[in-house]
$ cat query-v7.csv   # CSV, C-alpha atoms
chain,number,residue,atom,x,y,z
A,1,MET,CA,-35.0,-47.7,32.8
A,2,SER,CA,-36.8,-44.9,34.5
A,3,ILE,CA,-35.4,-41.4,34.9
A,4,ASP,CA,-36.6,-39.0,37.5
A,5,ARG,CA,-36.8,-35.2,37.1
A,6,ARG,CA,-33.7,-34.5,39.2
A,7,LYS,CA,-31.5,-36.9,37.2
A,8,PHE,CA,-32.8,-35.5,33.9
A,9,LEU,CA,-32.0,-31.9,34.9
A,10,LYS,CA,-28.5,-33.0,36.0
A,11,ILE,CA,-27.8,-34.7,32.6
A,12,ALA,CA,-29.3,-31.8,30.6
A,13,GLY,CA,-27.2,-29.3,32.6
A,14,LEU,CA,-24.0,-31.2,32.0
A,15,THR,CA,-24.7,-31.5,28.3
A,16,GLY,CA,-25.3,-27.7,28.1
A,17,ILE,CA,-22.0,-26.9,29.8
A,18,GLY,CA,-20.2,-29.3,27.5
A,19,LEU,CA,-21.7,-27.8,24.3
A,20,GLY,CA,-20.9,-24.3,25.6
A,21,LEU,CA,-17.3,-25.1,26.3
A,22,SER,CA,-16.7,-26.7,22.9
A,23,ALA,CA,-18.3,-23.6,21.2
A,24,ALA,CA,-16.1,-21.3,23.2
A,25,ASP,CA,-13.0,-23.4,22.3
A,26,LEU,CA,-13.9,-23.0,18.6
A,27,LEU,CA,-14.3,-19.2,19.0
A,28,VAL,CA,-10.9,-18.8,20.6
A,29,LYS,CA,-9.2,-20.9,17.9
A,30,ASN,CA,-10.9,-18.9,15.1
A,31,ALA,CA,-9.9,-15.6,16.8
A,32,ALA,CA,-6.3,-16.9,17.0
A,33,ASP,CA,-6.3,-17.9,13.3
A,34,ALA,CA,-7.7,-14.5,12.3
A,35,SER,CA,-5.0,-12.6,14.2
A,36,VAL,CA,-2.3,-14.7,12.5
A,37,ALA,CA,-3.9,-14.1,9.1
A,38,SER,CA,-3.9,-10.3,9.5
A,39,HIS,CA,-0.1,-10.2,9.9
A,40,ALA,CA,0.8,-13.0,7.5
A,41,GLY,CA,1.2,-10.5,4.6
A,42,SER,CA,4.3,-8.8,5.9
A,43,ARG,CA,6.2,-12.1,5.8
A,44,ALA,CA,5.3,-12.7,2.1
A,45,ALA,CA,8.2,-13.4,-0.2
A,46,THR,CA,7.2,-10.5,-2.5
A,47,ARG,CA,5.7,-7.2,-1.3
A,48,LEU,CA,5.9,-4.6,-4.1
A,49,GLY,CA,6.1,-1.0,-3.0
A,50,LEU,CA,7.4,2.4,-3.8
A,51,VAL,CA,9.8,4.9,-2.2
A,52,ILE,CA,9.0,8.5,-3.2
A,53,ASP,CA,11.6,11.2,-2.7
A,54,VAL,CA,9.6,14.5,-2.9
A,55,ASN,CA,12.8,16.5,-2.9
A,56,LYS,CA,13.5,15.3,-6.4
A,57,PHE,CA,10.2,16.9,-7.6
A,58,ARG,CA,11.4,20.4,-8.4
A,59,SER,CA,8.8,21.9,-10.8
A,60,ASP,CA,5.1,21.6,-11.6
A,61,ALA,CA,6.1,19.7,-14.7
A,62,ASP,CA,7.7,17.0,-12.6
A,63,TYR,CA,4.4,16.4,-10.7
A,64,GLN,CA,2.3,16.7,-13.9
A,65,GLY,CA,4.6,14.3,-15.7
A,66,ILE,CA,3.9,11.4,-13.5
A,67,ILE,CA,0.1,12.1,-13.4
A,68,ASP,CA,-0.1,12.3,-17.2
A,69,ALA,CA,2.1,9.2,-17.6
A,70,CYS,CA,-0.4,7.2,-15.5
A,71,HIS,CA,-3.7,8.7,-16.6
A,72,SER,CA,-2.9,8.6,-20.3
A,73,ILE,CA,-2.1,4.9,-20.5
A,74,HIS,CA,-5.0,3.9,-18.2
A,75,ASN,CA,-7.7,5.9,-19.9
A,76,VAL,CA,-8.5,7.9,-16.8
A,77,PRO,CA,-11.1,10.5,-17.6
A,78,THR,CA,-10.5,14.2,-16.9
A,79,LEU,CA,-13.7,15.1,-15.2
A,80,ILE,CA,-12.4,18.2,-13.5
A,81,PRO,CA,-12.9,21.0,-14.4
A,82,GLU,CA,-15.3,20.0,-17.3
A,83,LYS,CA,-18.0,18.7,-14.9
A,84,ASN,CA,-17.0,21.1,-12.1
A,85,ASN,CA,-18.2,18.7,-9.4
A,86,PRO,CA,-15.4,17.4,-7.2
A,87,LYS,CA,-17.3,14.2,-6.5
A,88,ASN,CA,-17.0,13.3,-10.2
A,89,GLU,CA,-13.2,13.5,-10.2
A,90,VAL,CA,-11.4,10.2,-11.1
A,91,LYS,CA,-7.8,10.0,-10.1
A,92,TRP,CA,-5.2,7.3,-9.8
A,93,ILE,CA,-2.3,9.6,-8.8
A,94,TRP,CA,-2.6,13.2,-7.6
A,95,ASN,CA,-1.0,15.8,-5.3
A,96,ASP,CA,-1.9,17.2,-1.9
A,97,THR,CA,-0.3,19.3,0.8
A,98,TYR,CA,1.9,18.0,3.6
A,99,ASN,CA,-0.8,18.6,6.2
A,100,HIS,CA,-3.3,16.7,4.3
A,101,THR,CA,-0.9,13.9,3.4
A,102,PHE,CA,0.5,13.4,6.9
A,103,PRO,CA,-2.1,14.6,9.4
A,104,ASP,CA,-0.4,12.5,12.1
A,105,GLN,CA,2.7,14.6,11.9
A,106,VAL,CA,1.7,17.2,14.4
A,107,ASN,CA,4.4,19.9,14.8
A,108,ASP,CA,4.0,23.6,15.4
A,109,TYR,CA,7.2,24.4,13.7
A,110,HIS,CA,7.4,22.4,10.5
A,111,PRO,CA,9.8,23.8,7.9
A,112,GLU,CA,7.9,26.3,5.7
A,113,GLY,CA,9.2,24.8,2.5
A,114,LEU,CA,7.7,21.4,3.5
A,115,LEU,CA,4.3,22.9,4.1
A,116,LYS,CA,4.2,24.4,0.7
A,117,LYS,CA,5.5,21.4,-1.1
A,118,PRO,CA,3.0,19.2,-2.9
A,119,PHE,CA,3.2,15.4,-2.3
A,120,PRO,CA,2.4,12.9,-5.0
A,121,LEU,CA,-0.3,10.5,-3.7
A,122,LEU,CA,-1.6,7.2,-5.0
A,123,CYS,CA,-2.9,3.9,-3.7
A,124,ASN,CA,-0.7,2.7,-0.9
A,125,HIS,CA,-1.1,-1.0,-1.7
A,126,CYS,CA,-1.4,-1.6,2.0
A,127,ASP,CA,-0.2,-4.7,3.6
A,128,ASN,CA,-3.4,-4.7,5.7
A,129,PRO,CA,-5.8,-3.2,3.2
A,130,PRO,CA,-9.2,-2.1,4.7
A,131,CYS,CA,-10.7,-1.8,1.2
A,132,VAL,CA,-10.2,-5.5,0.7
A,133,ARG,CA,-11.8,-6.4,4.0
A,134,VAL,CA,-14.9,-4.4,3.3
A,135,CYS,CA,-15.5,-5.4,-0.3
A,136,PRO,CA,-18.6,-7.6,-0.3
A,137,THR,CA,-17.9,-9.2,-3.7
A,138,LYS,CA,-14.1,-9.6,-3.4
A,139,ALA,CA,-13.8,-7.4,-6.4
A,140,THR,CA,-10.9,-5.8,-4.6
A,141,PHE,CA,-8.3,-8.3,-3.4
A,142,LYS,CA,-4.6,-8.6,-2.5
A,143,ARG,CA,-2.4,-10.4,-4.9
A,144,SER,CA,0.4,-12.6,-3.6
A,145,ASP,CA,2.9,-10.0,-4.7
A,146,GLY,CA,1.3,-7.4,-2.4
A,147,ILE,CA,-0.5,-5.4,-5.0
A,148,VAL,CA,-4.1,-4.4,-4.0
A,149,ALA,CA,-5.9,-5.2,-7.2
A,150,GLN,CA,-9.3,-4.4,-8.4
A,151,ASP,CA,-11.5,-6.5,-10.7
A,152,PRO,CA,-14.0,-4.1,-12.3
A,153,HIS,CA,-16.0,-7.1,-13.6
A,154,ARG,CA,-17.0,-8.0,-10.1
A,155,CYS,CA,-17.5,-4.4,-8.8
A,156,ILE,CA,-21.1,-3.7,-7.9
A,157,GLY,CA,-20.4,0.0,-7.2
A,158,CYS,CA,-21.3,-0.2,-3.5
A,159,ARG,CA,-18.4,2.2,-2.6
A,160,PHE,CA,-17.7,0.4,0.7
A,161,CYS,CA,-14.0,0.4,-0.4
A,162,MET,CA,-14.1,4.2,-0.7
A,163,ALA,CA,-15.5,4.5,2.8
A,164,GLY,CA,-12.8,2.0,4.0
A,165,CYS,CA,-9.8,3.6,2.3
A,166,PRO,CA,-8.4,6.3,4.6
A,167,TYR,CA,-6.3,7.8,1.8
A,168,GLY,CA,-8.9,8.8,-0.7
A,169,SER,CA,-7.2,6.5,-3.3
A,170,ARG,CA,-10.4,5.4,-4.9
A,171,SER,CA,-12.7,7.1,-7.3
A,172,PHE,CA,-16.3,6.2,-8.3
A,173,ASN,CA,-17.5,6.6,-11.9
A,174,TRP,CA,-20.6,8.7,-11.3
A,175,VAL,CA,-20.9,9.5,-15.0
A,176,ASP,CA,-20.0,7.6,-18.1
A,177,PRO,CA,-16.2,8.3,-18.2
A,178,ARG,CA,-15.8,7.7,-22.0
A,179,PRO,CA,-16.6,11.2,-23.2
A,180,TYR,CA,-14.0,12.6,-20.8
A,181,ILE,CA,-11.0,10.6,-21.9
A,182,LYS,CA,-8.7,13.1,-23.5
A,183,LYS,CA,-6.6,10.6,-25.6
A,184,LEU,CA,-7.6,7.0,-25.8
A,185,ASP,CA,-5.0,4.3,-25.2
A,186,THR,CA,-6.2,1.4,-27.3
A,187,ASN,CA,-4.2,-1.2,-25.3
A,188,TYR,CA,-6.2,-0.6,-22.1
A,189,PRO,CA,-10.0,-0.8,-21.5
A,190,THR,CA,-12.0,2.1,-20.1
A,191,ARG,CA,-14.3,1.8,-17.1
A,192,THR,CA,-18.0,2.1,-17.1
A,193,MET,CA,-20.4,4.1,-15.0
A,194,GLY,CA,-21.0,2.6,-11.6
A,195,VAL,CA,-17.6,1.0,-10.8
A,196,VAL,CA,-14.8,2.1,-8.5
A,197,GLU,CA,-11.3,2.5,-9.9
A,198,LYS,CA,-7.8,3.2,-8.6
A,199,CYS,CA,-4.1,2.7,-9.1
A,200,THR,CA,-3.2,-0.9,-10.0
A,201,LEU,CA,0.6,-0.4,-9.6
A,202,CYS,CA,0.6,-1.0,-13.4
A,203,VAL,CA,0.1,-4.8,-13.2
A,204,GLU,CA,-0.2,-4.9,-17.0
A,205,ARG,CA,3.3,-3.2,-17.3
A,206,LEU,CA,4.9,-5.4,-14.6
A,207,ALA,CA,3.7,-8.4,-16.6
A,208,ARG,CA,5.7,-7.2,-19.5
A,209,GLY,CA,8.8,-6.6,-17.4
A,210,LEU,CA,8.3,-2.8,-17.2
A,211,GLU,CA,8.3,-0.6,-14.1
A,212,PRO,CA,5.1,1.3,-13.2
A,213,ALA,CA,4.5,4.3,-15.5
A,214,CYS,CA,4.9,6.9,-12.7
A,215,VAL,CA,8.3,5.4,-11.7
A,216,GLU,CA,9.4,5.5,-15.3
A,217,ALA,CA,8.3,9.2,-15.7
A,218,SER,CA,9.7,10.4,-12.4
A,219,ASN,CA,13.4,10.6,-13.4
A,220,GLY,CA,14.4,8.6,-10.3
A,221,ALA,CA,12.2,10.4,-7.8
A,222,ILE,CA,10.1,7.3,-7.4
A,223,VAL,CA,11.7,3.9,-6.9
A,224,PHE,CA,9.9,0.6,-7.3
A,225,GLY,CA,10.8,-2.7,-5.8
A,226,ASN,CA,10.2,-5.7,-3.6
A,227,LEU,CA,10.1,-4.5,0.1
A,228,SER,CA,10.6,-8.1,1.3
A,229,ASP,CA,14.0,-8.4,-0.4
A,230,PRO,CA,16.7,-6.8,1.6
A,231,GLU,CA,18.9,-6.4,-1.5
A,232,SER,CA,16.2,-4.5,-3.5
A,233,ASP,CA,16.6,-0.9,-4.5
A,234,VAL,CA,13.7,0.2,-2.3
A,235,ARG,CA,15.2,-1.5,0.8
A,236,LYS,CA,18.6,0.0,0.1
A,237,ILE,CA,17.0,3.5,0.2
A,238,LEU,CA,14.9,2.7,3.3
A,239,ASN,CA,18.1,1.5,5.0
A,240,VAL,CA,19.8,4.9,4.7
A,241,LYS,CA,17.0,7.5,4.4
A,242,PHE,CA,14.4,8.4,7.0
A,243,THR,CA,11.0,7.7,5.5
A,244,ILE,CA,7.4,8.1,6.7
A,245,ARG,CA,4.2,6.5,5.7
A,246,ARG,CA,0.7,8.0,5.5
A,247,LYS,CA,-1.5,7.6,8.7
A,248,PRO,CA,0.5,4.8,10.3
A,249,SER,CA,-1.7,4.9,13.4
A,250,LEU,CA,-4.5,3.2,11.4
A,251,GLY,CA,-2.5,0.0,11.1
A,252,THR,CA,-3.0,-0.3,7.3
A,253,LEU,CA,0.8,-0.8,6.8
A,254,PRO,CA,1.2,1.2,3.5
A,255,SER,CA,3.7,0.0,1.0
A,256,VAL,CA,4.4,3.5,-0.3
A,257,PHE,CA,7.2,5.3,1.7
A,258,TYR,CA,8.1,9.0,1.5
A,259,VAL,CA,11.7,10.1,2.0
A,260,MET,CA,11.9,13.0,4.4
A,261,GLY,CA,14.6,15.5,4.8
A,262,GLY,CA,16.5,14.9,1.5
A,263,ASP,CA,19.8,16.6,0.9
A,264,ASN,CA,19.0,20.2,1.6
A,265,HIS,CA,20.2,20.9,5.2
A,266,VAL,CA,20.4,24.2,6.9
A,267,GLY,CA,23.9,25.6,6.3
B,1,MET,CA,-70.5,-17.9,-11.0
B,2,TYR,CA,-70.3,-14.6,-9.3
B,3,ASN,CA,-68.9,-11.8,-11.4
B,4,GLY,CA,-68.5,-14.3,-14.3
B,5,GLY,CA,-68.3,-11.6,-17.0
B,6,LYS,CA,-65.5,-9.7,-15.2
B,7,ILE,CA,-63.5,-12.9,-14.6
B,8,ILE,CA,-63.8,-14.1,-18.2
B,9,ALA,CA,-63.0,-10.7,-19.6
B,10,GLY,CA,-60.0,-10.5,-17.2
B,11,LEU,CA,-58.8,-14.0,-18.3
B,12,ILE,CA,-59.0,-13.0,-22.0
B,13,ILE,CA,-56.9,-9.9,-21.4
B,14,PHE,CA,-54.4,-11.9,-19.3
B,15,LEU,CA,-54.0,-14.6,-22.0
B,16,GLY,CA,-53.7,-11.8,-24.7
B,17,LEU,CA,-50.8,-10.2,-22.8
B,18,VAL,CA,-49.1,-13.5,-22.1
B,19,ALA,CA,-49.4,-14.7,-25.7
B,20,TYR,CA,-48.2,-11.3,-27.1
B,21,PRO,CA,-44.6,-12.5,-27.9
B,22,PHE,CA,-46.0,-15.4,-29.9
B,23,TYR,CA,-48.6,-13.6,-32.1
B,24,SER,CA,-46.5,-10.5,-32.5
B,25,ASN,CA,-43.7,-12.7,-34.0
B,26,MET,CA,-46.0,-14.9,-36.0
B,27,GLY,CA,-45.2,-15.1,-39.7
B,28,ARG,CA,-42.1,-12.9,-39.3
B,29,SER,CA,-39.0,-14.5,-40.7
B,30,ILE,CA,-35.8,-13.7,-38.9
B,31,GLU,CA,-32.6,-14.0,-40.9
B,32,LYS,CA,-30.1,-16.5,-39.6
B,33,ALA,CA,-27.0,-15.1,-37.9
B,34,ASN,CA,-24.1,-15.1,-40.2
B,35,PRO,CA,-20.9,-13.9,-38.4
B,36,SER,CA,-18.3,-12.6,-40.8
B,37,LEU,CA,-14.7,-13.5,-40.8
B,38,ASP,CA,-13.7,-10.9,-43.4
B,39,THR,CA,-11.1,-8.9,-41.6
B,40,PRO,CA,-7.6,-7.9,-42.9
B,41,ILE,CA,-5.8,-10.1,-40.3
B,42,ILE,CA,-7.9,-13.2,-40.8
B,43,ASN,CA,-7.7,-12.9,-44.5
B,44,GLN,CA,-3.9,-12.9,-44.2
B,45,LEU,CA,-3.9,-16.1,-42.2
B,46,GLU,CA,-2.7,-19.1,-44.1
B,47,LYS,CA,-4.5,-21.5,-41.8
B,48,LYS,CA,-7.6,-20.1,-40.4
B,49,GLU,CA,-7.4,-21.3,-36.8
B,50,CYS,CA,-8.8,-19.9,-33.5
B,51,VAL,CA,-7.4,-20.5,-30.0
B,52,ARG,CA,-10.0,-23.3,-29.7
B,53,PRO,CA,-11.8,-25.3,-32.5
B,54,LYS,CA,-14.7,-23.5,-34.2
B,55,GLU,CA,-17.4,-25.6,-32.7
B,56,ILE,CA,-16.2,-25.0,-29.1
B,57,MET,CA,-15.7,-21.3,-29.7
B,58,ARG,CA,-19.3,-21.1,-31.1
B,59,THR,CA,-20.9,-22.4,-27.9
B,60,GLU,CA,-18.2,-21.9,-25.2
B,61,HIS,CA,-16.5,-18.6,-26.1
B,62,MET,CA,-18.0,-16.9,-23.1
B,63,LYS,CA,-16.5,-19.6,-20.8
B,64,VAL,CA,-13.1,-19.2,-22.4
B,65,LEU,CA,-13.3,-15.5,-21.8
B,66,ASP,CA,-14.4,-16.0,-18.3
B,67,GLU,CA,-11.5,-18.4,-17.6
B,68,TRP,CA,-9.0,-15.9,-19.2
B,69,ARG,CA,-10.5,-13.0,-17.1
B,70,ASP,CA,-10.1,-14.9,-13.8
B,71,ALA,CA,-6.6,-16.1,-14.8
B,72,VAL,CA,-5.4,-12.7,-15.9
B,73,VAL,CA,-7.1,-10.3,-13.5
B,74,ARG,CA,-7.1,-12.4,-10.3
B,75,GLU,CA,-4.1,-14.7,-10.7
B,76,GLY,CA,-1.9,-12.6,-12.9
B,77,MET,CA,-1.5,-15.6,-15.3
B,78,ARG,CA,-1.1,-13.7,-18.6
B,79,GLY,CA,0.4,-16.5,-20.6
B,80,THR,CA,0.3,-16.2,-24.4
B,81,MET,CA,-0.6,-18.8,-27.0
B,82,LEU,CA,1.3,-19.5,-30.2
B,83,LEU,CA,-1.0,-20.7,-32.9
B,84,GLY,CA,-0.2,-20.9,-36.6
B,85,GLY,CA,2.8,-18.6,-36.2
B,86,ARG,CA,0.8,-15.9,-34.3
B,87,ILE,CA,1.0,-15.0,-30.7
B,88,TYR,CA,-2.3,-14.6,-29.0
B,89,GLU,CA,-2.7,-12.7,-25.7
B,90,LYS,CA,-5.2,-13.8,-23.1
B,91,SER,CA,-7.2,-10.7,-23.7
B,92,LEU,CA,-10.5,-9.7,-25.3
B,93,GLN,CA,-9.3,-6.3,-26.5
B,94,ASN,CA,-5.6,-7.2,-27.1
B,95,GLY,CA,-6.4,-10.8,-28.2
B,96,CYS,CA,-9.7,-11.7,-29.8
B,97,MET,CA,-10.5,-8.3,-31.2
B,98,VAL,CA,-7.2,-7.9,-33.0
B,99,CYS,CA,-8.2,-10.6,-35.5
B,100,HIS,CA,-11.9,-10.1,-35.2
B,101,SER,CA,-11.8,-6.4,-35.7
B,102,ASN,CA,-15.3,-6.4,-37.1
B,103,LYS,CA,-17.2,-6.3,-33.9
B,104,ALA,CA,-20.7,-5.6,-35.3
B,105,GLN,CA,-20.4,-8.2,-38.1
B,106,PHE,CA,-18.8,-10.9,-35.9
B,107,CYS,CA,-20.0,-10.5,-32.3
B,108,GLY,CA,-23.1,-8.5,-33.1
B,109,GLU,CA,-24.5,-10.9,-35.6
B,110,CYS,CA,-25.2,-13.8,-33.2
B,111,HIS,CA,-25.7,-11.7,-30.1
B,112,GLY,CA,-28.4,-9.8,-32.0
B,113,TYR,CA,-30.0,-13.0,-33.2
B,114,ALA,CA,-29.9,-14.6,-29.8
B,115,GLY,CA,-31.1,-11.4,-28.1
B,116,VAL,CA,-28.2,-11.2,-25.7
B,117,LYS,CA,-26.6,-8.0,-24.7
B,118,PRO,CA,-23.2,-8.8,-23.1
B,119,TYR,CA,-21.7,-5.8,-21.3
B,120,CYS,CA,-18.1,-6.4,-22.5
B,121,TRP,CA,-18.3,-3.3,-24.7
B,122,ASP,CA,-19.1,-1.0,-21.7
B,123,CYS,CA,-15.3,-1.0,-21.0
B,124,HIS,CA,-13.6,-2.9,-23.8
B,125,PHE,CA,-13.5,-1.8,-27.4
B,126,VAL,CA,-12.0,-2.5,-30.8
B,127,LYS,CA,-8.7,-0.7,-31.3
B,128,GLU,CA,-9.5,0.4,-34.8
B,129,GLU,CA,-12.9,1.6,-33.9
B,130,GLY,CA,-12.0,3.4,-30.7
B,131,LEU,CA,-15.0,4.5,-28.5
B,132,LEU,CA,-17.9,4.5,-30.9
$ encode --input "query-v7.csv" --output "structure tokens"
Amino acid sequence: MSIDRRKFLKIAGLTGIGLGLSAADLLVKNAADASVASHAGSRAATRLGLVIDVNKFRSDADYQGIIDACHSIHNVPTLIPEKNNPKNEVKWIWNDTYNHTFPDQVNDYHPEGLLKKPFPLLCNHCDNPPCVRVCPTKATFKRSDGIVAQDPHRCIGCRFCMAGCPYGSRSFNWVDPRPYIKKLDTNYPTRTMGVVEKCTLCVERLARGLEPACVEASNGAIVFGNLSDPESDVRKILNVKFTIRRKPSLGTLPSVFYVMGGDNHVG
Amino acid sequence: MYNGGKIIAGLIIFLGLVAYPFYSNMGRSIEKANPSLDTPIINQLEKKECVRPKEIMRTEHMKVLDEWRDAVVREGMRGTMLLGGRIYEKSLQNGCMVCHSNKAQFCGECHGYAGVKPYCWDCHFVKEEGLL
């Protein structure tokens, strides 16, 4: 059978169109799968989170109490002010001002008390965590219970997650942290130079049936529970109190909620 | 041969460098590793039994640790093991090193002999020793 030039070009052209269409079909299907996957987390049976009522923090000791409770049991080094370089600081839970915490809340006439009040900050254990997406080794990953966990064994110290996290929840060990641990907790390992660390929502305590250390030390100001369970303590509070989350416009869907307003109304 | 002298001299230097590990260790006797089981807790045990048979632990302990690490850190499977009346946690620091509290004489013996430097101790430590 002979084939002339015209016939060959026709067949080649049709083949090209066919291949192109099947490739396009695959692309569309993959994109659809990806969009489903990015929202699948919110329907998970367990999504652990916290509700923080700042009005229940009344003194500096209340704030320092939760920080000490967390940092002491996780061997978090105190690199400020000893090293006096803000970049060296390692923190799992810390405080900042309202304006820094909620930069989306633009209002010329915020209550003065609110602007002066420190807000306790920690990893938001986002439902759509950007740190997990950018980690090249999957050292940071989302557990089935919603906790954004970190496996220091796999961390290569690239700090992509620090760039990805819009909340500053991650710290890098620029120096060997061991000399800066005030009091060693022998049940928990330390970290080494060159890895990133952050709040783990106390996975090791949850495994023993305990609540996270900050929750325990907060005298009821921080409530822990399953956000997917309508009967849980956190959902009961979210049902009756107005709460906001940090930087909602970024779409990270934090699992840490801040109760606003509280009980102190203008007479 | 062009530049024969230089080539032969170069070859001799090259072979000398490559063979350095062999002749530098020649005639040197290295003591066999002898990990010690002499710790307070192991001495108290009626039946000296580890989480796996001795022969397996000797060659595969790193794989056991690796499996535990993935199970605990990544899957949250922190199951404990009951063995000879003792509960063992799937943990290096809170499991293995509770009995084997003599890190230098137990781990260090073979690791030193085999010339391996595992980085476990960059983060983990023996409770009694603290951060040495």
$ interface_residues --input "query-v7.csv" --of "chain A" --to "chain B" --cutoff "12 Å" --atoms "all atoms listed in the file" --output "PyMOL selection string"
chain A and resi 74-76+138-145+147-154+176-195+200+202-208
$ residues_near_point --input "query-v7.csv" --point "(5.8, -0.5, -0.3)" --cutoff "8 Å" --atoms "all atoms listed in the file" --output "PyMOL selection string"
chain A and resi 47-51+124-126+225-227+254-257
$ closest_residue --input "query-v7.csv" --among "A:Asp96, A:Asp4, A:Glu231, A:Glu197" --to "Pro118 of chain A" --atoms "all atoms listed in the file"
A:Asp96
$ atom_distance --input "query-v7.csv" --atom1 "atom CA of Lys32 of chain B" --atom2 "atom CA of Cys107 of chain B"
13.8 Å
$ residues_around --input "query-v7.csv" --residues "segment 163-172 of chain A" --least-positions-apart "3" --cutoff "9 Å" --atoms "all atoms listed in the file" --output "number ranges by chain"
A: 87-93, 101, 121-124, 129-135, 157, 159-160, 175, 193-199, 246-247, 250, 252
$ closest_residue --input "query-v7.csv" --among "B:Ala33, B:Val18, B:Met62, B:Leu45" --to "Pro118 of chain B" --atoms "only C-alpha atoms"
B:Met62
$ closest_residue --input "query-v7.csv" --among "B:Leu83, B:Ala19, B:Asn34, B:Ser101" --to "Lys47 of chain B" --atoms "all atoms listed in the file"
B:Leu83
$ closest_residue --input "query-v7.csv" --among "B:Gly27, B:Pro35, B:Leu15, B:Val51" --to "Ile87 of chain B" --atoms "all atoms listed in the file"
B:Val51
$ residues_around --input "query-v7.csv" --residues "segment 238-245 of chain A" --least-positions-apart "2" --cutoff "6 Å" --atoms "all atoms listed in the file" --output "list in words"
Arg235, Lys236, Phe257, Tyr258, Val259 and Met260 of chain A
$ atom_distance --input "query-v7.csv" --atom1 "atom CA of Ile41 of chain B" --atom2 "atom CA of Cys99 of chain B"
5.4 Å
$ atom_distance --input "query-v7.csv" --atom1 "atom CA of Ala71 of chain B" --atom2 "atom CA of Gly209 of chain A"
18.3 Å
$ residues_around --input "query-v7.csv" --residues "Thr39 of chain B" --least-positions-apart "5" --cutoff "10 Å" --atoms "all atoms listed in the file" --output "ChimeraX atom specification"
/B:44,98-102,105-106
$ closest_residue --input "query-v7.csv" --among "A:Ala217, A:Leu115, A:Val28, A:Leu14" --to "Asn99 of chain A" --atoms "all atoms listed in the file"
A:Leu115
